[in-house]
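Chemist: Take this structure first; my questions come after.
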Amino acid sequence: MSPKKLGLVAALALTLSTAVVAEEKVLNIYNWSDYINPEAIAQFEQETGIKVNYDVYDSNEVLEAKLMSGSTGYDLVVPTGSFLERHVKAGIYAEIDRSKLTNYGNIDSVLAEKISRHDADNKHNVPYAWGTIGLGYNEAMVKKRLGDMPLDTLDLIFKPEVAAKLADCGIGLLDSPAEVMSIALNYLGLDPNSEKKSDLKKATELIKSARSSYKYFHSGQYISDLANGEVCVALGYNGDILQAQSRAEEAGQGNVIGYSIPKEGTLVWFDLLAIPADAPHPDAAHQFIDFVLKAETAAAISNYVYYAVANTAAEPLLLDEVRNNPGIYPSNEVKAKLFTQNAHAAKYDRLLTRAWSNIKTGR
Amino acid sequence: MSISSGSAWVNKSASGMARYNLFRRVNWGRLGVIAVPGLWLGIFFFIPFLVVFKISLSESAIAVPPYSAMFEWNLEDAYATFKLNFGNYLYLIEDDFYLDAYISSVKIAAVSTFFTLLVGFPIAYLIARSKPSLRVVLLSLVILPFWTSFLLRVYAWMGFLKKNGIVNEFLLSTGIIDQPLIMLQTDFAVYIGIVYTYLPFMILPLYTALEKMDLTLLEAAEDLGSRPYQSFFLITLPLAIPGVIAGCLLVFIPAVGEFVIPALLGGSDTLMIGRVLWDEFFLNRDWPMASAVAIVMLVVLVLPIMLIRNAQGKEEVHS
């Protein structure tokens with residue numbers, strides 16, 4: 001950074017710090033849709049007198065495009081780890097000031113260690129929630145076609161002869177090239193974060209071999225489709241599949257939805273709270289982060305959204321059906337097989353997107 | 001000296017005359033009227049176009065904004081650089097994938113435009129030939145769907161077309177089929193979506209063309225022994241051609257770049273340039289490449305169409 005620029009930054013920082021003193025009592029949050037207990041926001045507003053403006057998005061890509069254009073006006077955003085990794089490189093986030101977080105000690109240190117792969121020393125993030133990508137299935141429909149075969153295996157979608165038996169009741173895959181490809185690489189026994197062309201080719205071939213049995217690639221459609229019996233197997237996010245499960249129960253049409261973490265291992269993702277460097281209300285953002293880190297708040301969120309929180313203090317306060325659900329809080333044995341996904345080089349992203357289009361369109 | 005000053009004097013008078021004539025020739029009222037849409041086009045089309053074009057000549061980077069600067073200067077070392085990157089355009093040409101996507105988009109747009117015309121023409125014809133009092137009602141029925149969000153209407157189609165949707169339920173209960181038809185997530189659903197969404201854009205120009213037609217021409221044809229279908233093909237259809245062209249362009253151009261309909265109704269194998277653009281922008285985070293794809297789409301598709309249209313307009317004026 002040139003001296004001139006440094007001077008500018010210093011001047012900016014100065015105006016920012018003076019701004020903090022007179023910060024208005026507003027907080028602009030941009031989070032995933034259906035990803036918080038609404039009562040938590042009301043509680044926070046009541047405790048602090050800060051007015052929360054809460055906007056939602058449904059993909060990391062949309063969040064990223066906004067952040068990359070700059071001056072979003074948001075004080076708090078919730079990117080997934082591999083995205084945060086790239087954003088930190090682009091200088092999008094301010095450092096978290098831990099002196100303002102009285103509840104920082106509640107964070108699960110084992111998970112924090114995993115997250116630090118994305119962000120050295122976790123300087124720019126505080127974990128919000130985490131989960132896995134796994135298999136959602138309609139028990140009756142799958143058992144009818146496969147008999148007593150175990151359902152905790154990616155063979156359901158990656159073994160052409162097995163997938164073919166399920167084609168008529170419908171298989172849906174996430175439309176998320178990086179995530180699905182890393183799961184395929186791991187299934188093949190390769191490094192899930194490999195950026196080798198030859199590995200990418202093998203994974204592409206694998207998915208292509210069963211492609212004709214897939215109904216679609218979509219990142220949200222499977223929630224209602226699983227619940228309604230439009231598809232019988234979906235590779236999706238655990239919380240979404242658990243949502244399909246409860247929707248199916250409510251609908252009462254006899255569809256029973258299960259979730260399994262594949263025994264071959266799968267991807268674990270972390271959604272992280274981060275403060276954009278140009279956030280107008282960084283103080284309020286820190287207050288909110290501290291509020292979320294409280295055991296009671298973290299438990300209330302986890303109990304409501306059916307995603308796990310990386311908060312040790314919250315564990316005793318979780319509902320039994322949440323804490324004992326292996327789809328939300330997997331056993332240590334299963335946890336050991338989970339892998340995280342790194343941010344990829346731009347060149348590899350291009351190859352990956354092309355391979356993915358190739359798989360989807362059959363060209 | 002005297003000669004030159006003399007000629008200067010002559011010139012001065014001539015230019016003064018020219019200015020006077022020019023002033024008289026300019027129709028200020030007309031200029032004012034043209035200036036409004038001109039300004040609108042300038043601000044909302046031309047300037048954004050230049051911005052996108054500029055981005056298409058840069059390189060992607062992990063930064064805010066995520067592309068390299070075209071100008072760079074450094075005051076201490078006193079240098080300034082100006083960098084243009086044509087690599088994105090070269091890549092577009094080298095890789096057939098983009099060509100495939102353009103062709104596939106044009107194909108889908110052309111087929112749906114054809115069917116929109118096929119459905120729209122009889123409707124426009126009916127409205128134009130009905131009683132004037134009824135026309136208003138019928139026309140408002142055509143426009144009425146616009147009052148509901150476009151997205152909601154596409155979602156409604158998902159409800160119609162899905163495996164246990166209304167269409168399949170009906171066909172199953174009447175015994176016409178015994179297995180539900182797979183309609184959603186196919187090209188068929190995309191065609192339905194485009195035809196349905198863009199139908200009013202086809203009907204309205206067709207209606208205008210058919211409505212202003214001189215009906216006595218049909219009477220004359222009948223008197224001369226022409227059968228109704230002959231009159232239709234020899235008189236009505238040729239006179240409706242300007243409406244057909246206007247309607248087809250209004251449907252075809254947006255359909256080529258359509259993103260929402262193929263995303264919601266189409267299958268994973270529906271390849272359209274709108275989707276490719278989305279992937280470049282969001283998945284590859286390559287704004288320059290996405291911009292290049294958009295610019296090429298505009299130049300390759302829209303420009304020739306505009307030129308044809310322009311030439312036609314001139315022909316009409318001449319005749």
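Lettering and numbering for the structure tokens are positional, with chains as A, B, ... in the shown order, residues counted from 1 in each chain, and ligands counted from 1 in the shown order.
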Kindly provide, as a ChimeraX atom specification, the residues of chain B having any atom no farther than 10 Å from an atom of chain A, counting only C-alpha atoms.
Modeler: /B:60-67,74-76,97,100,162-164,185,263-264,266-271,275-276,278-287
Chemist: Check region 52-183 of chain B with DSSP on the backbone and list each residue it calls strand (DSSP E), as a VMD selection string.
Modeler: chain B and resid 71 to 74 79 to 82
Chemist: Write the residues you've just listed into a file as a short mmCIF file (atom, residue, chain, number, x, y, z; two decimals), in the first residue's frame, and include all heavy atoms for each of them.
Modeler:
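Full text of out34.cif as output:
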```
data_model
loop_
_atom_site.label_atom_id
_atom_site.label_comp_id
_atom_site.auth_asym_id
_atom_site.auth_seq_id
_atom_site.Cartn_x
_atom_site.Cartn_y
_atom_site.Cartn_z
N PHE B 71 -7.53 2.08 -16.25
CA PHE B 71 -6.50 3.10 -16.09
C PHE B 71 -5.81 2.88 -14.75
O PHE B 71 -6.45 2.55 -13.78
CB PHE B 71 -7.11 4.51 -16.03
CG PHE B 71 -7.91 4.85 -17.22
CD1 PHE B 71 -9.29 4.73 -17.21
CD2 PHE B 71 -7.29 5.29 -18.38
CE1 PHE B 71 -10.04 5.05 -18.32
CE2 PHE B 71 -8.04 5.60 -19.49
CZ PHE B 71 -9.41 5.48 -19.46
N GLU B 72 -4.50 3.07 -14.76
CA GLU B 72 -3.80 3.04 -13.49
C GLU B 72 -2.77 4.13 -13.52
O GLU B 72 -2.11 4.34 -14.53
CB GLU B 72 -3.10 1.68 -13.33
CG GLU B 72 -3.82 0.78 -12.35
CD GLU B 72 -3.12 -0.54 -12.21
OE1 GLU B 72 -3.34 -1.41 -13.08
OE2 GLU B 72 -2.35 -0.69 -11.27
N TRP B 73 -2.66 4.89 -12.44
CA TRP B 73 -1.61 5.90 -12.43
C TRP B 73 -0.95 5.90 -11.07
O TRP B 73 -1.52 5.48 -10.07
CB TRP B 73 -2.16 7.28 -12.80
CG TRP B 73 -3.25 7.76 -11.91
CD1 TRP B 73 -3.11 8.37 -10.71
CD2 TRP B 73 -4.64 7.63 -12.15
NE1 TRP B 73 -4.33 8.65 -10.18
CE2 TRP B 73 -5.29 8.21 -11.05
CE3 TRP B 73 -5.41 7.10 -13.19
CZ2 TRP B 73 -6.67 8.26 -10.95
CZ3 TRP B 73 -6.78 7.15 -13.09
CH2 TRP B 73 -7.41 7.72 -11.98
N ASN B 74 0.26 6.32 -11.11
CA ASN B 74 1.05 6.34 -9.90
C ASN B 74 1.73 7.69 -9.86
O ASN B 74 2.56 8.00 -10.70
CB ASN B 74 2.07 5.20 -9.98
CG ASN B 74 2.86 5.09 -8.70
OD1 ASN B 74 3.21 6.10 -8.10
ND2 ASN B 74 3.14 3.87 -8.30
N TYR B 79 3.76 7.59 -13.65
CA TYR B 79 3.39 6.85 -14.85
C TYR B 79 1.89 6.56 -14.81
O TYR B 79 1.26 6.56 -13.75
CB TYR B 79 4.20 5.56 -14.99
CG TYR B 79 3.83 4.46 -14.04
CD1 TYR B 79 2.75 3.62 -14.30
CD2 TYR B 79 4.56 4.25 -12.88
CE1 TYR B 79 2.41 2.61 -13.42
CE2 TYR B 79 4.23 3.26 -12.00
CZ TYR B 79 3.16 2.44 -12.27
OH TYR B 79 2.82 1.46 -11.40
N ALA B 80 1.37 6.40 -15.99
CA ALA B 80 -0.03 6.03 -16.09
C ALA B 80 -0.12 4.90 -17.10
O ALA B 80 0.59 4.90 -18.11
CB ALA B 80 -0.86 7.21 -16.54
N THR B 81 -0.93 3.88 -16.82
CA THR B 81 -1.08 2.82 -17.81
C THR B 81 -2.54 2.75 -18.24
O THR B 81 -3.44 3.09 -17.47
CB THR B 81 -0.69 1.44 -17.25
OG1 THR B 81 -1.44 1.23 -16.06
CG2 THR B 81 0.79 1.36 -16.97
N PHE B 82 -2.72 2.29 -19.44
CA PHE B 82 -4.04 2.14 -20.01
C PHE B 82 -4.06 0.74 -20.60
O PHE B 82 -3.28 0.45 -21.50
CB PHE B 82 -4.24 3.21 -21.09
CG PHE B 82 -5.56 3.10 -21.78
CD1 PHE B 82 -6.74 3.42 -21.11
CD2 PHE B 82 -5.64 2.71 -23.10
CE1 PHE B 82 -7.96 3.31 -21.75
CE2 PHE B 82 -6.85 2.60 -23.75
CZ PHE B 82 -8.01 2.92 -23.06
#
```
Chemist: What residues in region 120-294 of chain A get the DSSP label helix (DSSP H, G or I)? Please answer as a ChimeraX atom specification.
Modeler: /A:120-122,139-146,155-158,160-166,177-187,197-213,221-228,238-251,282-293
Chemist: Pick from A:Ala274, A:Ile301, A:Ala314, A:Val52: nearest to Asp34 (chain A), with only C-alpha atoms counted?
Modeler: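 Closest candidate: A:Ile301.
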Chemist: Rounded to one decimal in Å, what is the spacing between CA of Leu301 (chain B) and CA of Pro205 (chain B)?
Modeler: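 Between CA of Leu301 (chain B) and CA of Pro205 (chain B) the gap works out to 21.5 Å.
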Chemist: Figure out the distance between CA of Val296 (chain B) and CA of Phe150 (chain B), please, to one decimal in Å.
Modeler: 27.3 Å
Chemist: Using only C-alpha atoms, determine which residues lie at most 12 Å from Met149 (chain A), disregarding the query and same-chain residues fewer than 6 positions distant; provide the list as a PyMOL selection string.
Modeler: chain A and resi 139+142-143+155-156+162
Chemist: Write out as a VMD selection string each polymer residue whose atoms come within 8 Å of Gln341 (chain A), counting only C-alpha atoms; drop sequence neighbours fewer than 6 positions from it.
Modeler: chain A and resid 81 to 82 179 182 192 to 193 267 to 269
Chemist: Would you output that residue set with all heavy atoms, as a short mmCIF file (atom, residue, chain, number, x, y, z; two decimals), in the first residue's frame?
Modeler:
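Writing the result to result37.cif gives the following:
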```cif
data_model
loop_
_atom_site.label_atom_id
_atom_site.label_comp_id
_atom_site.auth_asym_id
_atom_site.auth_seq_id
_atom_site.Cartn_x
_atom_site.Cartn_y
_atom_site.Cartn_z
N GLY A 81 -17.99 -20.74 4.60
CA GLY A 81 -16.54 -20.69 4.77
C GLY A 81 -15.71 -20.45 3.53
O GLY A 81 -14.89 -19.52 3.48
N SER A 82 -15.93 -21.26 2.48
CA SER A 82 -15.08 -21.14 1.30
C SER A 82 -15.28 -19.79 0.63
O SER A 82 -14.37 -19.25 0.00
CB SER A 82 -15.36 -22.27 0.32
OG SER A 82 -16.71 -22.26 -0.05
N GLU A 179 -19.46 -27.98 -4.48
CA GLU A 179 -19.78 -28.89 -3.38
C GLU A 179 -20.01 -30.31 -3.88
O GLU A 179 -19.45 -31.26 -3.32
CB GLU A 179 -21.02 -28.37 -2.64
CG GLU A 179 -20.72 -27.10 -1.86
CD GLU A 179 -21.97 -26.41 -1.31
OE1 GLU A 179 -23.05 -26.52 -1.92
OE2 GLU A 179 -21.84 -25.76 -0.28
N SER A 182 -16.77 -31.97 -5.02
CA SER A 182 -15.85 -32.40 -3.98
C SER A 182 -16.36 -33.68 -3.31
O SER A 182 -15.57 -34.54 -2.91
CB SER A 182 -15.61 -31.29 -2.95
OG SER A 182 -16.78 -31.04 -2.23
N PRO A 192 -10.76 -34.32 -1.86
CA PRO A 192 -11.95 -33.53 -2.23
C PRO A 192 -11.63 -32.09 -2.63
O PRO A 192 -12.43 -31.44 -3.28
CB PRO A 192 -12.80 -33.55 -0.96
CG PRO A 192 -11.91 -33.99 0.13
CD PRO A 192 -10.84 -34.82 -0.49
N ASN A 193 -10.44 -31.61 -2.25
CA ASN A 193 -10.06 -30.25 -2.62
C ASN A 193 -9.08 -30.23 -3.78
O ASN A 193 -8.47 -29.19 -4.06
CB ASN A 193 -9.47 -29.51 -1.42
CG ASN A 193 -10.57 -29.02 -0.50
OD1 ASN A 193 -11.48 -28.32 -0.94
ND2 ASN A 193 -10.51 -29.40 0.76
N LEU A 267 -19.21 -33.46 2.87
CA LEU A 267 -18.72 -32.11 3.11
C LEU A 267 -19.40 -31.50 4.32
O LEU A 267 -20.60 -31.64 4.50
CB LEU A 267 -19.04 -31.31 1.85
CG LEU A 267 -18.50 -29.93 1.67
CD1 LEU A 267 -18.28 -29.70 0.19
CD2 LEU A 267 -19.43 -28.89 2.20
N VAL A 268 -18.61 -30.85 5.15
CA VAL A 268 -19.19 -30.07 6.24
C VAL A 268 -18.95 -28.60 5.91
O VAL A 268 -17.89 -28.24 5.42
CB VAL A 268 -18.56 -30.46 7.60
CG1 VAL A 268 -17.05 -30.32 7.59
CG2 VAL A 268 -19.15 -29.60 8.73
N TRP A 269 -20.00 -27.81 6.10
CA TRP A 269 -19.86 -26.38 5.78
C TRP A 269 -20.16 -25.56 7.02
O TRP A 269 -20.87 -26.01 7.92
CB TRP A 269 -20.80 -25.98 4.63
CG TRP A 269 -22.19 -26.49 4.80
CD1 TRP A 269 -22.72 -27.61 4.22
CD2 TRP A 269 -23.22 -25.95 5.63
NE1 TRP A 269 -24.01 -27.78 4.65
CE2 TRP A 269 -24.34 -26.77 5.50
CE3 TRP A 269 -23.31 -24.84 6.46
CZ2 TRP A 269 -25.53 -26.53 6.19
CZ3 TRP A 269 -24.49 -24.59 7.14
CH2 TRP A 269 -25.59 -25.44 6.99
#
```
Chemist: Using only C-alpha atoms for the distances, tell me which of A:Asn186, A:Ile133, A:Leu293, A:Pro276 is nearest to Arg98 (chain A).
Modeler: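 Selected residue with least distance to Arg98 (chain A): A:Leu293.
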Chemist: How far is it from CA of Ile183 (chain A) to CA of Ser116 (chain A), in Å with one decimal?
Modeler: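 If I compute the distance from CA of Ile183 (chain A) to CA of Ser116 (chain A), I get 21.1 Å.
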